[in-house]
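Shown next, in structure tokens, is the structure this report addresses.
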Amino acid sequence: MNDLPRRAVTRSAKLATLPLGFAGRAALGLGKRIGGKSAEIVAQEVQQRTAEQVFKVLGELKGGAMKLGQALSIFEAALPQEVVGPYRATLTKLQDAAPPLPVSTVHKVLTEQLGDGWRDHFLSFDDQPTAAASIGQVHKAVWHDGREVAVKIQYPGAGKALLGDFAQLARLGKLFGVLLPGLDMKAVLGELRERIAEELDYLREAEAQHAFALEFNGDPDFHVPDVVAANEMVLVTEWMDGTPLSRIIAEGTQEERDRAGLLFVRFLFCSPARVGMLHADPHPGNFRMLADGKLGVLDFGAVNRLPEGYPPAFGKLTRIFNQGDMATVTEGLRQEGFIRQDIEVDTDALRAFLAPYVEPTAVEEFTFSREWLQAQAASVTDLRPTNVIRQLNLPTSYVLIHRVHAAGIGVLCQLGTTARFRDEVIRWVPGFADDPGPDPNSDDEPLAIG
């Protein structure tokens with residue numbers, strides 16, 4: 001944990017360099033404009049330098065800064081390639097495994113959390129972690145009844161560092177408004193802070209994981225390891241072997257890729273309907289292909305609680321988009337809060353932005369690929385203030401849904417999966433299948449959003 005600046009004054013000082021750096025660049029831009037450069041060129045230069053400064057400072061921190069960086073990654077198509085490159089490098093650095101805790105610290109945490117006789121709970125305990133990240137690390141062990149288990153241990157001080165970051169980042173709303181004028185940064189930070197507080201509570205994570213494990217017990221497609229024991233900072237679950245999705249991406253056959261991608265989508269779409277929750281951290285490290293062909297799922301620290309399933313507007317607007325009625329889609333997005341009332345957007349630009357999320361639902365079978373995603377991103381890469389991505393807002397109720405879908409599309413493109421994704425949307429997403437009742441687009445029956 002030595003590389004994680006934890007002292008509040010140190011972290012505050014690093015974060016404070018963001019607005020100060022921006023102010024200097026804004027003054028520089030004003031000088032250039034007086035000197036003859038067009039306002040639009042100067043605005044792009046200021047935005048680019050601001051972005052570079054943002055990513056540089058976020059890259060020096062972990063905790064809340066990392067979570068914010070990951071959340072903002074869904075907007076990377078709005079930034080020019082020369083900025084996107086360093087940004088991706090920053091995210092990679094942020095997501096790299098943290099140095100593991102010293103063994104003495106691991107034992108100290110276990111003693112504090114489980115008592116002096118913590119070893120009595122285990123027949124064996126491997127002091128070397130099998131995984132380490134920004135909040136905690138995982139050790140393999142054998143429970144006292146002979147079951148192989150995963151023991152997840154939270155880093156001391158991780159919670160204070162994480163939540164402290166958000167207090168500082170909240171001061172930077174205007175700065176991010178320069179990069180993404182339509183984004184309600186205060187709402188995004190508030191939603192993320194609330195979710196991070198949940199992620200730090202291993203008892204809450206245990207509750208979520210147990211609910212998933214119960215629902216998918218004996219399921220033909222999915223396996224979720226059940227919870228063995230938990231408190232606020234230590235979580236013990238059944239151990240699960242399997243082939244990580246990252247290895248399927250690197251070495252899998254096309255058949256394995258197709259199977260993994262289809263199950264990945266099915267899990268994300270069916271969970272809100274079956275469990276009332278959406279797994280909100282869908283990176284390849286949290287999924288395994290098991291020997292029996294099932295998809296194994298790990299890490300339920302970040303979940304979006306959707307007791308009523310997906311918002312009905314999600315499926316309805318997707319269906320209407322496929323029908324070509326962009327006027328109704330635009331109005332629906334405005335009602336849902338994606339477009340603020342004082343913002344006017346270009347319909348064609350909006351259609352191009354939404355296409356990657358909707359296009360796979362318009363055909364019986366679809367192939368995801370890096371080339372397809374790059375082409376989609378290229379069509380909307382534009383840093384001008386009129387760029388549609390920069391004009392959109394992200395309502396708090398959709399923060400995690402959007403993050404999951406954006407990240408999920410990235411995983412599917414890495415897999416290069418071909419499958420009948422439309423079938424999954426029809427089955428699990430309310431509002432997507434044609435309504436059996438009156439036409440919601442008819443003149444005498446207004447579209448009900450939400």
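In the structure tokens, each chain is lettered A, B, ... as it comes, each chain's residues begin at 1, and ligands are numbered from 1 in order of appearance.
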
**Request:** Step one, run DSSP on the backbone; step two, keep only residues of segment 172-385 of chain A assigned to alpha helix (DSSP H); then write them as number ranges by chain.
**Result:** A: 173-179, 185-199, 202-215, 245-251, 254-275, 312-322, 326-336, 347-358, 370-380

**Request:** Extract, using only C-alpha atoms, all DNA, RNA and protein residues at most 7 Å from Glu308 of chain A, discarding same-chain residues fewer than 2 positions from it, and format them as a PyMOL selection string.
**Result:** chain A and resi 276+306+310

**Request:** Enter the distance from atom CA of Asp348 of chain A to atom CA of Ala375 of chain A, in Å, rounded to one decimal.
**Result:** 16.1 Å

**Message:** I need the strand (DSSP E or B) residues of segment 96-337 of chain A per DSSP on the backbone, written as a VMD selection string.
**Reply:** chain A and resid 122 to 125 131 to 132 136 to 143 148 to 154 222 to 223 227 to 230 234 to 238 243 to 244 277 to 279 287 to 289 295 to 297 303 to 305

Same residues, C-alpha atoms, saved as a PDB file, in the first residue's frame:
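For reference, again-v1.pdb as written:
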ATOM      1  CA  PHE A 122      -9.007 -22.972   8.489  1.00  0.00           C
ATOM      2  CA  LEU A 123      -7.260 -26.296   7.889  1.00  0.00           C
ATOM      3  CA  SER A 124      -4.762 -24.330   5.790  1.00  0.00           C
ATOM      4  CA  PHE A 125      -4.253 -20.730   4.653  1.00  0.00           C
ATOM      5  CA  ALA A 131      -5.334 -11.621  -6.603  1.00  0.00           C
ATOM      6  CA  ALA A 132      -4.803  -8.041  -5.438  1.00  0.00           C
ATOM      7  CA  GLY A 136      -8.514  -5.698  -1.070  1.00  0.00           C
ATOM      8  CA  GLN A 137      -6.829  -8.980  -1.942  1.00  0.00           C
ATOM      9  CA  VAL A 138      -7.831 -12.651  -2.127  1.00  0.00           C
ATOM     10  CA  HIS A 139      -6.147 -15.673  -0.504  1.00  0.00           C
ATOM     11  CA  LYS A 140      -6.849 -19.358  -1.124  1.00  0.00           C
ATOM     12  CA  ALA A 141      -7.525 -21.482   1.951  1.00  0.00           C
ATOM     13  CA  VAL A 142      -9.231 -24.644   3.182  1.00  0.00           C
ATOM     14  CA  TRP A 143     -12.163 -24.096   5.559  1.00  0.00           C
ATOM     15  CA  GLU A 148     -11.637 -24.914  -0.545  1.00  0.00           C
ATOM     16  CA  VAL A 149     -12.441 -21.253  -0.038  1.00  0.00           C
ATOM     17  CA  ALA A 150     -11.450 -17.783  -1.223  1.00  0.00           C
ATOM     18  CA  VAL A 151     -10.704 -15.321   1.588  1.00  0.00           C
ATOM     19  CA  LYS A 152     -11.113 -11.683   0.554  1.00  0.00           C
ATOM     20  CA  ILE A 153      -9.385  -9.226   2.904  1.00  0.00           C
ATOM     21  CA  GLN A 154      -9.928  -5.455   2.738  1.00  0.00           C
ATOM     22  CA  PHE A 222     -24.296 -20.197 -14.552  1.00  0.00           C
ATOM     23  CA  HIS A 223     -22.483 -20.891 -11.291  1.00  0.00           C
ATOM     24  CA  VAL A 227     -20.800 -17.321   0.858  1.00  0.00           C
ATOM     25  CA  VAL A 228     -19.266 -19.290   3.734  1.00  0.00           C
ATOM     26  CA  ALA A 229     -18.673 -16.500   6.270  1.00  0.00           C
ATOM     27  CA  ALA A 230     -18.381 -12.709   6.285  1.00  0.00           C
ATOM     28  CA  VAL A 234     -13.360 -10.215   5.505  1.00  0.00           C
ATOM     29  CA  LEU A 235     -15.411 -12.286   3.049  1.00  0.00           C
ATOM     30  CA  VAL A 236     -15.044 -16.077   2.772  1.00  0.00           C
ATOM     31  CA  THR A 237     -16.680 -17.774  -0.223  1.00  0.00           C
ATOM     32  CA  GLU A 238     -16.498 -21.151  -1.937  1.00  0.00           C
ATOM     33  CA  THR A 243     -10.642 -20.683 -17.310  1.00  0.00           C
ATOM     34  CA  PRO A 244     -10.621 -16.882 -16.931  1.00  0.00           C
ATOM     35  CA  MET A 277     -29.673  -6.897  -9.206  1.00  0.00           C
ATOM     36  CA  LEU A 278     -27.228  -6.188 -12.044  1.00  0.00           C
ATOM     37  CA  HIS A 279     -23.576  -7.252 -11.688  1.00  0.00           C
ATOM     38  CA  PHE A 287     -15.790 -14.452 -15.114  1.00  0.00           C
ATOM     39  CA  ARG A 288     -14.646 -18.057 -15.624  1.00  0.00           C
ATOM     40  CA  MET A 289     -15.643 -20.734 -18.111  1.00  0.00           C
ATOM     41  CA  LEU A 295     -20.127 -19.398 -16.869  1.00  0.00           C
ATOM     42  CA  GLY A 296     -18.811 -18.816 -13.343  1.00  0.00           C
ATOM     43  CA  VAL A 297     -19.197 -15.325 -11.877  1.00  0.00           C
ATOM     44  CA  VAL A 303     -24.133  -4.327  -7.940  1.00  0.00           C
ATOM     45  CA  ASN A 304     -26.958  -2.152  -9.214  1.00  0.00           C
ATOM     46  CA  ARG A 305     -30.092  -2.984  -7.253  1.00  0.00           C
TER      47      ARG A 305
END

**For atom CA of Ile249 of chain A and atom CA of Leu415 of chain A, the interatomic separation in Å (one decimal)** = 5.0 Å

**Message:** Between atom CA of Arg403 of chain A and atom CA of Asn322 of chain A, what is the distance in Å, rounded to a tenth?
**Reply:** 22.0 Å

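Minimum atom-to-atom distances from A:Asn286, A:Gln374, A:Thr253, A:Ser397 to Phe314 of chain A were compared using only C-alpha atoms, and the lowest value belongs to A:Ser397.
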
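Shortest atom-to-atom contact with Leu189 of chain A among A:Val399, A:Ala407, A:Val358, A:Val224: A:Val399, counting only C-alpha atoms.
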